[in-house]
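Note: the block below is input31.cif and it holds mmCIF, C-alpha atoms and all ligand atoms.
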```cif
data_structure
loop_
_atom_site.label_atom_id
_atom_site.label_comp_id
_atom_site.auth_asym_id
_atom_site.auth_seq_id
_atom_site.Cartn_x
_atom_site.Cartn_y
_atom_site.Cartn_z
CA MET A 1 0.00 0.00 0.00
CA PHE A 2 1.39 3.43 -0.89
CA LYS A 3 0.20 6.90 -1.76
CA ILE A 4 -0.31 7.96 -5.34
CA THR A 5 -1.56 11.39 -4.25
CA ASP A 6 -2.79 12.79 -0.93
CA ASP A 7 -6.18 11.11 -1.39
CA ILE A 8 -5.41 8.16 -3.63
CA LEU A 9 -3.78 4.97 -2.41
CA TYR A 10 -2.37 2.00 -4.27
CA ILE A 11 -3.88 -1.10 -2.69
CA GLY A 12 -2.95 -3.72 -5.28
CA VAL A 13 -0.97 -6.92 -4.80
CA ASP A 14 2.07 -8.56 -6.36
CA ASP A 15 1.82 -12.10 -7.63
CA ASN A 16 5.20 -13.80 -7.58
CA ASP A 17 3.64 -17.27 -7.39
CA ILE A 18 1.98 -17.28 -10.81
CA ASP A 19 3.34 -19.77 -13.33
CA LEU A 20 1.66 -18.52 -16.51
CA PHE A 21 -0.26 -15.27 -16.97
CA GLU A 22 -3.57 -15.88 -18.75
CA GLY A 23 -2.55 -19.54 -18.77
CA GLN A 24 0.09 -19.02 -21.44
CA TYR A 25 2.61 -16.23 -20.81
CA ALA A 26 5.71 -16.84 -18.71
CA VAL A 27 6.19 -14.03 -16.21
CA PRO A 28 9.56 -14.67 -14.55
CA ASN A 29 9.21 -11.50 -12.50
CA GLY A 30 5.56 -12.12 -11.66
CA VAL A 31 2.79 -9.60 -12.23
CA SER A 32 0.90 -7.04 -10.19
CA TYR A 33 -2.87 -6.78 -9.97
CA ASN A 34 -3.48 -3.12 -9.32
CA SER A 35 -6.29 -1.73 -7.26
CA TYR A 36 -6.69 1.82 -5.98
CA LEU A 37 -8.65 3.64 -3.32
CA CYS A 38 -9.83 7.26 -3.42
CA PHE A 39 -10.58 8.78 -0.03
CA ASP A 40 -13.02 11.66 -0.12
CA GLU A 41 -16.45 12.47 1.35
CA LYS A 42 -17.38 9.32 -0.56
CA ILE A 43 -14.87 6.50 -0.89
CA ALA A 44 -14.26 4.70 -4.17
CA VAL A 45 -12.33 1.50 -4.76
CA PHE A 46 -11.02 0.94 -8.28
CA ASP A 47 -11.04 -2.75 -9.24
CA THR A 48 -10.29 -5.89 -7.28
CA VAL A 49 -7.56 -8.51 -7.91
CA ASP A 50 -7.02 -12.11 -8.97
CA LYS A 51 -8.62 -14.73 -6.71
CA SER A 52 -5.21 -16.16 -5.78
CA LYS A 53 -4.49 -12.94 -3.87
CA LYS A 54 -7.94 -12.40 -2.37
CA GLU A 55 -6.95 -12.59 1.30
CA GLU A 56 -3.93 -10.36 0.90
CA TRP A 57 -5.96 -7.77 -1.02
CA LEU A 58 -8.80 -7.77 1.50
CA ARG A 59 -6.30 -7.29 4.33
CA THR A 60 -4.71 -4.36 2.51
CA LEU A 61 -8.12 -2.88 1.73
CA ASP A 62 -9.27 -3.19 5.35
CA LYS A 63 -6.09 -1.56 6.56
CA ALA A 64 -6.42 1.28 4.06
CA LEU A 65 -10.06 1.86 4.98
CA ASN A 66 -9.22 1.92 8.68
CA GLY A 67 -12.81 1.25 9.69
CA ALA A 68 -14.49 3.29 6.94
CA ALA A 69 -16.76 1.66 4.38
CA PRO A 70 -16.40 2.19 0.64
CA ASP A 71 -19.30 3.79 -1.24
CA TYR A 72 -18.34 2.64 -4.73
CA LEU A 73 -16.51 -0.21 -6.40
CA ILE A 74 -15.59 0.96 -9.89
CA ILE A 75 -15.04 -1.87 -12.37
CA SER A 76 -12.71 -0.98 -15.24
CA HIS A 77 -12.47 -4.49 -16.59
CA THR A 78 -14.24 -7.75 -15.83
CA GLU A 79 -11.40 -10.14 -16.68
CA PRO A 80 -10.87 -12.34 -13.62
CA ASP A 81 -7.38 -11.09 -12.87
CA HIS A 82 -9.17 -7.89 -11.81
CA ALA A 83 -12.74 -8.84 -11.09
CA ALA A 84 -12.50 -12.19 -9.31
CA CYS A 85 -12.77 -10.68 -5.83
CA ILE A 86 -15.95 -8.65 -6.45
CA PRO A 87 -18.16 -11.19 -4.59
CA ALA A 88 -15.75 -11.28 -1.63
CA PHE A 89 -15.68 -7.47 -1.57
CA LEU A 90 -19.48 -7.30 -1.58
CA GLU A 91 -19.75 -9.84 1.22
CA ARG A 92 -17.63 -7.57 3.34
CA TYR A 93 -19.03 -4.24 2.10
CA PRO A 94 -22.60 -4.96 0.95
CA ALA A 95 -23.62 -1.30 0.88
CA ALA A 96 -21.08 -0.36 -1.79
CA LYS A 97 -22.49 0.43 -5.23
CA VAL A 98 -20.86 -1.46 -8.08
CA VAL A 99 -20.07 0.97 -10.93
CA GLY A 100 -19.83 -0.26 -14.50
CA ASN A 101 -21.39 0.12 -17.92
CA GLU A 102 -24.07 -2.08 -19.45
CA LYS A 103 -21.53 -4.51 -20.86
CA THR A 104 -19.74 -4.70 -17.51
CA PHE A 105 -22.81 -6.14 -15.85
CA ILE A 106 -23.59 -8.53 -18.70
CA ILE A 107 -20.15 -10.09 -18.33
CA LEU A 108 -20.16 -10.01 -14.53
CA ASN A 109 -23.47 -11.83 -14.63
CA ARG A 110 -21.87 -14.59 -16.70
CA PHE A 111 -19.11 -15.03 -14.15
CA PHE A 112 -21.02 -14.57 -10.91
CA GLY A 113 -24.74 -14.68 -11.60
CA ASP A 114 -26.73 -11.71 -10.36
CA LEU A 115 -24.58 -9.76 -7.92
CA LYS A 116 -26.39 -8.92 -4.72
CA ALA A 117 -25.46 -5.28 -4.84
CA GLU A 118 -26.74 -1.94 -5.98
CA LYS A 119 -25.53 -1.37 -9.52
CA LEU A 120 -24.73 2.00 -10.97
CA ILE A 121 -24.68 1.84 -14.76
CA VAL A 122 -22.66 4.68 -16.23
CA LYS A 123 -22.40 6.04 -19.74
CA GLU A 124 -19.39 7.61 -21.37
CA GLY A 125 -18.74 11.05 -19.90
CA ASP A 126 -20.82 10.45 -16.77
CA ILE A 127 -19.28 11.79 -13.59
CA ILE A 128 -19.34 10.41 -10.07
CA ASP A 129 -18.92 13.16 -7.51
CA LEU A 130 -16.94 11.90 -4.51
CA GLY A 131 -16.72 15.38 -2.95
CA LYS A 132 -13.43 16.95 -3.89
CA HIS A 133 -12.79 14.32 -6.56
CA LYS A 134 -14.92 14.06 -9.70
CA ILE A 135 -14.49 10.78 -11.54
CA SER A 136 -15.46 10.64 -15.21
CA PHE A 137 -15.60 7.58 -17.43
CA ILE A 138 -13.97 7.00 -20.80
CA PHE A 139 -15.12 3.90 -22.62
CA ALA A 140 -12.29 1.88 -24.13
CA GLN A 141 -14.05 -1.04 -25.76
CA MET A 142 -11.69 -3.85 -26.82
CA VAL A 143 -8.74 -2.49 -24.87
CA HIS A 144 -8.81 -5.41 -24.12
CA TRP A 145 -12.39 -6.65 -23.66
CA PRO A 146 -15.64 -5.05 -24.85
CA GLU A 147 -16.68 -3.62 -21.49
CA VAL A 148 -13.39 -1.92 -20.63
CA MET A 149 -13.66 1.64 -19.40
CA MET A 150 -11.06 4.00 -18.05
CA SER A 151 -11.72 6.44 -15.24
CA TYR A 152 -10.34 9.94 -14.95
CA ASP A 153 -9.96 11.82 -11.71
CA GLN A 154 -10.48 15.43 -12.75
CA THR A 155 -9.04 16.71 -9.48
CA ASP A 156 -5.70 14.91 -9.32
CA LYS A 157 -5.53 14.50 -13.13
CA ILE A 158 -5.10 10.74 -12.92
CA LEU A 159 -6.06 8.36 -15.69
CA PHE A 160 -7.01 4.91 -14.41
CA SER A 161 -6.19 3.26 -17.70
CA ALA A 162 -7.38 -0.35 -17.21
CA ASP A 163 -5.13 -2.80 -19.11
CA ALA A 164 -3.63 -0.02 -21.23
CA PHE A 165 -0.11 1.04 -20.24
CA GLY A 166 0.28 -2.08 -18.11
CA LYS A 167 3.29 -4.36 -18.05
CA PHE A 168 4.33 -7.78 -16.83
CA GLY A 169 6.44 -7.86 -13.67
CA ALA A 170 5.49 -7.50 -10.02
CA LEU A 171 6.13 -4.08 -8.51
CA SER A 172 8.70 -5.64 -6.17
CA HIS A 173 10.95 -6.26 -9.19
CA GLU A 174 12.67 -3.17 -10.42
CA GLU A 175 13.02 -3.35 -14.16
CA ASP A 176 12.79 -1.12 -17.17
CA TRP A 177 9.21 -0.49 -18.31
CA LEU A 178 9.66 -0.83 -22.04
CA ASP A 179 10.48 -4.48 -22.79
CA GLU A 180 7.86 -5.99 -20.52
CA ALA A 181 5.28 -3.36 -21.47
CA ARG A 182 5.88 -4.16 -25.13
CA ARG A 183 5.60 -7.90 -24.51
CA TYR A 184 2.41 -7.31 -22.52
CA TYR A 185 0.87 -4.96 -25.10
CA ILE A 186 1.69 -6.95 -28.24
CA ASN A 187 0.55 -10.27 -26.80
CA ILE A 188 -2.45 -9.17 -24.74
CA VAL A 189 -3.86 -6.11 -26.50
CA GLY A 190 -1.96 -6.15 -29.81
CA LYS A 191 -4.82 -7.40 -31.97
CA TYR A 192 -6.91 -4.35 -31.07
CA GLY A 193 -4.92 -1.51 -32.59
CA ASN A 194 -7.90 0.50 -33.83
CA PRO A 195 -9.69 0.52 -30.45
CA VAL A 196 -6.42 1.54 -28.79
CA GLN A 197 -6.13 4.41 -31.25
CA GLY A 198 -9.67 5.44 -30.33
CA ALA A 199 -8.84 5.39 -26.62
CA LEU A 200 -5.64 7.40 -27.19
CA LYS A 201 -7.62 10.06 -29.03
CA LYS A 202 -10.02 10.36 -26.10
CA ALA A 203 -7.13 10.48 -23.62
CA ALA A 204 -5.45 13.22 -25.66
CA ALA A 205 -8.29 15.55 -24.70
CA LEU A 206 -7.48 15.16 -20.98
CA ASN A 207 -4.86 16.81 -18.81
CA ILE A 208 -3.16 13.70 -17.44
CA GLN A 209 -0.48 13.94 -14.76
CA LYS A 210 -0.31 10.25 -13.81
CA ILE A 211 -1.42 6.99 -15.39
CA CYS A 212 -2.56 4.20 -13.07
CA PRO A 213 -2.87 0.94 -15.04
CA LEU A 214 -4.19 -2.41 -13.86
CA HIS A 215 -0.73 -4.00 -14.07
CA GLY A 216 2.68 -2.50 -13.44
CA PRO A 217 3.84 0.81 -12.04
CA THR A 218 2.09 4.15 -11.92
CA LEU A 219 3.45 6.18 -14.81
CA VAL A 220 4.61 9.70 -14.08
CA GLY A 221 7.00 12.17 -15.65
CA ASP A 222 7.35 12.13 -19.43
CA LEU A 223 3.97 10.57 -20.22
CA ASP A 224 4.49 11.38 -23.91
CA PHE A 225 7.13 8.64 -24.00
CA TYR A 226 4.56 6.00 -23.03
CA ILE A 227 1.83 7.47 -25.22
CA ARG A 228 4.17 7.56 -28.23
CA LYS A 229 4.98 3.86 -27.74
CA TYR A 230 1.28 3.04 -27.59
CA ASP A 231 0.70 5.09 -30.72
CA LEU A 232 3.42 3.16 -32.60
CA TRP A 233 2.30 -0.25 -31.35
CA SER A 234 -1.37 0.34 -32.05
CA THR A 235 -0.65 1.50 -35.61
CA TYR A 236 1.63 -1.50 -36.17
CA ARG A 237 4.66 0.66 -36.87
CA PRO A 238 8.20 -0.31 -35.83
CA GLU A 239 10.00 1.46 -33.01
CA GLU A 240 13.55 1.53 -34.36
CA GLU A 241 15.66 0.45 -37.33
CA GLY A 242 16.96 -3.10 -37.21
CA VAL A 243 16.42 -6.70 -38.20
CA PHE A 244 15.10 -9.52 -36.07
CA ILE A 245 16.15 -13.01 -37.14
CA ALA A 246 13.98 -15.74 -35.66
CA TYR A 247 15.26 -19.23 -36.33
CA ALA A 248 14.21 -22.83 -35.82
CA SER A 249 17.12 -25.22 -36.07
CA VAL A 250 17.50 -28.96 -35.51
CA TYR A 251 21.22 -29.73 -35.83
CA GLY A 252 22.55 -26.20 -35.57
CA ASN A 253 22.99 -25.46 -39.27
CA THR A 254 19.96 -23.18 -39.58
CA ALA A 255 21.08 -21.46 -36.39
CA ALA A 256 24.53 -21.00 -37.94
CA ALA A 257 22.94 -19.40 -41.00
CA ALA A 258 20.89 -17.05 -38.80
CA GLU A 259 23.94 -16.03 -36.78
CA LYS A 260 25.99 -15.54 -39.96
CA LEU A 261 23.29 -13.24 -41.35
CA CYS A 262 23.24 -11.37 -38.05
CA ALA A 263 27.02 -10.88 -38.23
CA GLU A 264 26.84 -9.75 -41.86
CA LEU A 265 24.15 -7.19 -40.97
CA LYS A 266 26.18 -5.86 -38.07
CA ALA A 267 29.21 -5.62 -40.36
CA ARG A 268 27.05 -3.38 -42.55
CA GLY A 269 26.15 -1.18 -39.59
CA VAL A 270 22.66 -2.61 -39.18
CA LYS A 271 21.31 -3.44 -35.73
CA ALA A 272 20.29 -7.11 -35.64
CA GLU A 273 19.35 -9.72 -33.08
CA THR A 274 18.49 -13.41 -33.21
CA ALA A 275 16.20 -15.70 -31.24
CA ASP A 276 15.92 -19.48 -31.16
CA LEU A 277 12.21 -20.18 -31.63
CA ASN A 278 12.53 -23.68 -30.22
CA ARG A 279 13.85 -22.41 -26.90
CA CYS A 280 12.98 -18.76 -26.41
CA ASP A 281 9.82 -17.40 -24.90
CA MET A 282 7.42 -17.18 -27.87
CA SER A 283 5.69 -14.07 -26.53
CA ARG A 284 9.06 -12.34 -26.34
CA ALA A 285 9.93 -13.34 -29.92
CA VAL A 286 6.58 -12.02 -31.15
CA ALA A 287 7.09 -8.73 -29.28
CA THR A 288 10.63 -8.37 -30.65
CA ALA A 289 9.36 -8.90 -34.20
CA PHE A 290 7.13 -5.85 -33.69
CA LYS A 291 10.05 -3.73 -32.52
CA TYR A 292 11.85 -3.67 -35.88
CA PRO A 293 10.80 -2.97 -39.48
CA LYS A 294 12.53 -6.10 -40.83
CA LEU A 295 12.16 -9.75 -39.93
CA VAL A 296 13.91 -12.85 -41.21
CA VAL A 297 12.48 -16.25 -40.43
CA ALA A 298 14.98 -19.09 -40.74
CA SER A 299 13.49 -22.53 -40.54
CA VAL A 300 14.21 -26.15 -41.26
CA THR A 301 11.80 -28.18 -43.32
CA CYS A 302 10.03 -30.85 -41.33
CA ASP A 303 7.71 -33.52 -42.79
CA ALA A 304 7.46 -31.40 -45.97
CA GLY A 305 6.14 -28.57 -43.80
CA LEU A 306 7.28 -26.26 -41.04
CA ILE A 307 8.65 -27.26 -37.69
CA PRO A 308 5.92 -26.51 -35.09
CA CYS A 309 7.63 -23.53 -33.46
CA THR A 310 7.93 -21.74 -36.82
CA GLU A 311 4.28 -22.40 -37.52
CA ALA A 312 3.32 -21.13 -34.08
CA PHE A 313 5.43 -17.99 -34.51
CA ILE A 314 3.86 -17.12 -37.86
CA ASN A 315 0.35 -17.83 -36.55
CA LYS A 316 0.97 -15.60 -33.53
CA LEU A 317 2.21 -12.79 -35.75
CA ARG A 318 -0.90 -13.15 -37.91
CA SER A 319 -3.22 -13.08 -34.92
CA LYS A 320 -1.55 -9.85 -33.70
CA ASN A 321 -1.97 -8.14 -37.10
CA PHE A 322 1.75 -8.05 -37.87
CA SER A 323 2.02 -5.60 -40.77
CA ASN A 324 4.00 -2.75 -42.31
CA ARG A 325 7.18 -4.85 -42.33
CA THR A 326 9.69 -6.47 -44.68
CA VAL A 327 10.18 -10.21 -44.26
CA GLY A 328 12.96 -12.47 -45.57
CA PHE A 329 13.51 -16.21 -45.39
CA ILE A 330 16.22 -18.77 -44.81
CA GLN A 331 15.24 -22.35 -45.43
CA ASN A 332 17.01 -25.60 -44.70
CA GLY A 333 16.31 -29.10 -45.98
CA SER A 334 18.54 -32.07 -46.60
CA TRP A 335 16.71 -33.42 -49.65
CA ALA A 336 13.69 -31.24 -50.37
CA PRO A 337 13.79 -27.78 -48.73
CA MET A 338 10.20 -26.52 -48.62
CA SER A 339 10.05 -24.14 -45.69
CA ALA A 340 10.69 -20.89 -47.60
CA LYS A 341 7.87 -21.62 -50.04
CA ILE A 342 5.46 -22.35 -47.19
CA MET A 343 6.55 -19.29 -45.18
CA ARG A 344 6.35 -17.06 -48.24
CA THR A 345 2.80 -18.22 -48.93
CA ALA A 346 1.87 -17.58 -45.31
CA PHE A 347 3.27 -14.05 -45.23
CA GLU A 348 1.71 -13.18 -48.59
CA SER A 349 -1.62 -13.10 -46.78
CA PHE A 350 -0.37 -10.53 -44.23
CA LYS A 351 -1.38 -6.92 -44.72
CA ALA A 352 1.32 -4.51 -45.91
CA VAL A 353 4.18 -6.98 -45.65
CA SER A 354 6.75 -6.98 -48.43
CA LEU A 355 8.90 -10.02 -49.00
CA CYS A 356 12.62 -9.99 -49.72
CA GLY A 357 13.66 -11.00 -53.21
CA VAL A 358 16.59 -13.09 -51.96
CA THR A 359 15.84 -16.40 -50.26
CA VAL A 360 18.68 -18.32 -48.64
CA THR A 361 18.68 -22.07 -49.05
CA VAL A 362 20.83 -24.24 -46.81
CA ASN A 363 21.09 -27.80 -48.06
CA SER A 364 21.92 -29.46 -44.73
CA ALA A 365 24.92 -27.26 -43.90
CA LEU A 366 26.29 -23.91 -44.96
CA ASP A 367 28.20 -24.07 -48.22
CA GLU A 368 29.59 -21.55 -50.67
CA GLN A 369 26.22 -21.02 -52.31
CA ALA A 370 24.48 -20.42 -48.97
CA TYR A 371 27.17 -17.94 -47.87
CA LYS A 372 26.69 -16.07 -51.14
CA GLN A 373 22.94 -15.90 -50.64
CA LEU A 374 23.37 -14.78 -47.02
CA ASN A 375 25.53 -11.91 -48.22
CA GLU A 376 22.96 -10.99 -50.86
CA LEU A 377 20.16 -11.07 -48.27
CA ALA A 378 22.25 -8.92 -45.91
CA ASP A 379 22.79 -6.42 -48.74
CA GLU A 380 19.07 -6.34 -49.47
CA LEU A 381 18.15 -5.84 -45.78
CA ALA A 382 20.81 -3.20 -45.24
CA VAL A 383 19.31 -0.83 -47.81
FE1 LIG A 401 -5.30 -7.70 -16.83
FE2 LIG A 401 -7.39 -7.91 -19.66
O1 LIG A 401 -6.79 -8.13 -17.90
#
```

Once more with this new file: its structure as structure tokens, please.
Ligand code: FEO
Amino acid sequence: MFKITDDILYIGVDDNDIDLFEGQYAVPNGVSYNSYLCFDEKIAVFDTVDKSKKEEWLRTLDKALNGAAPDYLIISHTEPDHAACIPAFLERYPAAKVVGNEKTFIILNRFFGDLKAEKLIVKEGDIIDLGKHKISFIFAQMVHWPEVMMSYDQTDKILFSADAFGKFGALSHEEDWLDEARRYYINIVGKYGNPVQGALKKAAALNIQKICPLHGPTLVGDLDFYIRKYDLWSTYRPEEEGVFIAYASVYGNTAAAAEKLCAELKARGVKAETADLNRCDMSRAVATAFKYPKLVVASVTCDAGLIPCTEAFINKLRSKNFSNRTVGFIQNGSWAPMSAKIMRTAFESFKAVSLCGVTVTVNSALDEQAYKQLNELADELAV
């Protein structure tokens, strides 16, 4: 528990016990489920937490309230990592009004049945008057679910941004915001670029001093930095020049080709990095692909098709609307290399993706011909 402003407290919890976020994303530094409390003539709680941290959150909430009773529970987002403790909250504080929009209550009903609580259904632009603090609501449908709404405290100029601007990593782990925020955004919200653009436009009309997301730290200081990143990510534009080479190797020869290309690019003054799709965190590889304007996929041929990790990588990119990029290929096959043809066909269906003219073919191991093609591909990517 700590102060965000004189009247607003952070009452969220860290989860360092979680194995996979949303059942699929590794979070080596855990995750935080953020919840906030506004003390005023009326008291508002913003969101609950995941059920695994119910007792800890209720203890923190009780301590923060110090005998007072909350008047409102504002629901930004009904996904269970934030909404699971609503019934427990209402058992303890049955007089609190639950604040949401029409869609909020439709989804809550599906999770919990009819909540035994007074419901306050708000529309966009509605204001709840807590006394000194006036809380308005900004609908942010599909950032990341259809009912999502942000709240804005007009007094302290705080945007409670729901999933937007969140990151992986518990607050107890000090780490840079960008990499884990990118991985969070691309994998969790990345499909919904247009709705994010809509929410950013609404937020641009507000005077925001602090951003309080549902995961990760409160953002202060140069908020333009964070907003610019969200603008790039949600319009599917790269952040910086460079090439990402994602490879799937069996006996190390495709990996050697990927590393050779990386070295050739660096020799040409081009930033480049590689990842082993069989062993790296897939969500990290997907996020890294979005960082740069150029991607090379290097893959062995397997059963006349793609090795599963390559297939999964391409499918993930497709599902996150990977676009506005240049993509090249390195294929390997000992008797019938097929992977470049299959990958090329897959990427041809992506929007605004151009494919490199040079394809590198490794017939089992690097030979003179493959080195020549790697140099040609490096030349093409370095332009
Ligand atoms: Fe952290 Fe979409 O929930």

I'd like the contact shell of Ile314 in chain A - 9 Å cut-off, all atoms listed in the file, skipping same-chain residues fewer than 5 positions apart - returned as a PyMOL selection string. chain A and resi 286+309+319+343+346-347

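Proximity to ligand LIG 401 (chain A) was assessed for A:His77, A:Lys157, A:Lys97, A:Lys316 counting only C-alpha atoms and all ligand atoms; the smallest distance is recorded for A:His77.
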
What are the nearest atom pairs, with distances in Å to one decimal, for all residues of chain A that come at most 7 Å from ligand LIG 401 (chain A), using only C-alpha atoms and all ligand atoms, set out by chain and rising residue number as a tab-separated table?
```
residue	atom	partner	partner_atom	distance
A:His77	CA	A:LIG401	FE2	6.9
A:Glu79	CA	A:LIG401	O1	5.2
A:Asp81	CA	A:LIG401	FE1	5.6
A:His82	CA	A:LIG401	FE1	6.3
A:His144	CA	A:LIG401	FE2	5.3
A:Trp145	CA	A:LIG401	FE2	6.5
A:Asp163	CA	A:LIG401	FE1	5.4
A:Leu214	CA	A:LIG401	FE1	6.2
A:His215	CA	A:LIG401	FE1	6.5
```

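CA of Ala267 in chain A to CA of Asp379 in chain A spans 10.6 Å [interatomic distance, one decimal].
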
Test item: residues at most 9 Å from Thr235 in chain A, only C-alpha atoms, excluding those fewer than 6 positions along its chain, as a PDB file with C-alpha atoms, in the frame of the given file:
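Below you can see selection16.pdb, which holds the result:
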```
ATOM      1  CA  GLY A 193      -4.920  -1.510 -32.590  1.00  0.00           C
ATOM      2  CA  ASN A 194      -7.900   0.500 -33.830  1.00  0.00           C
ATOM      3  CA  VAL A 196      -6.420   1.540 -28.790  1.00  0.00           C
ATOM      4  CA  GLN A 197      -6.130   4.410 -31.250  1.00  0.00           C
TER       5      GLN A 197
END
```

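Picture a line from CA of Glu240 in chain A to CA of Ala289 in chain A; it runs 11.2 Å.
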
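Nearest-residue note for Asp276 in chain A: choosing from A:Arg92, A:Ile186, A:Gln209, A:Ala256, the minimum distance belongs to A:Ala256, counting all atoms listed in the file.
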
For Glu147 in chain A, work out the shell of residues within 10 Å, counting only C-alpha atoms and skipping chain neighbours fewer than 4 positions away, then give it as a list of chain:residue names. A:Ile75, A:Ser76, A:His77, A:Thr78, A:Glu79, A:Gly100, A:Asn101, A:Glu102, A:Lys103, A:Thr104, A:Phe105, A:Ile106, A:Ile107, A:Phe139, A:Ala140, A:Gln141, A:Met142, A:Val143

Using only C-alpha atoms, please write the residues we just selected to a file, as a short mmCIF file (atom, residue, chain, number, x, y, z; two decimals), in the coordinates of the input.
```cif
data_model
loop_
_atom_site.label_atom_id
_atom_site.label_comp_id
_atom_site.auth_asym_id
_atom_site.auth_seq_id
_atom_site.Cartn_x
_atom_site.Cartn_y
_atom_site.Cartn_z
CA ILE A 75 -15.04 -1.87 -12.37
CA SER A 76 -12.71 -0.98 -15.24
CA HIS A 77 -12.47 -4.49 -16.59
CA THR A 78 -14.24 -7.75 -15.83
CA GLU A 79 -11.40 -10.14 -16.68
CA GLY A 100 -19.83 -0.26 -14.50
CA ASN A 101 -21.39 0.12 -17.92
CA GLU A 102 -24.07 -2.08 -19.45
CA LYS A 103 -21.53 -4.51 -20.86
CA THR A 104 -19.74 -4.70 -17.51
CA PHE A 105 -22.81 -6.14 -15.85
CA ILE A 106 -23.59 -8.53 -18.70
CA ILE A 107 -20.15 -10.09 -18.33
CA PHE A 139 -15.12 3.90 -22.62
CA ALA A 140 -12.29 1.88 -24.13
CA GLN A 141 -14.05 -1.04 -25.76
CA MET A 142 -11.69 -3.85 -26.82
CA VAL A 143 -8.74 -2.49 -24.87
#
```

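For range 172-183 of chain A, the list of residues within 6 Å, based on all atoms listed in the file and with local chain neighbours fewer than 4 positions off taken out, reads Lys167, Phe168, Arg284 and Ala287 of chain A.
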
Between A:Thr218, A:Thr359, A:Ser234, A:Asn278, which one has atoms that come closest to Ala246 in chain A, using only C-alpha atoms? A:Asn278

Could you pull the residues within 8 Å of Leu377 in chain A, counting only C-alpha atoms, minus those fewer than 6 positions along the same chain, as a list in words? Leu261, Gly328, Cys356, Val358, Thr359 and Val360 of chain A

Sphere at (-9.6, 14.1, -18.9), radius 6 Å, counting all atoms listed in the file: residues as number ranges by chain: A: 152, 206-207

Pick from A:Gly67, A:Gly190, A:Gly269, A:Gly242 nearest to Lys320 in chain A, counting all atoms listed in the file: A:Gly190

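Between CA of Pro87 in chain A and CA of Lys132 in chain A the separation is 28.5 Å.
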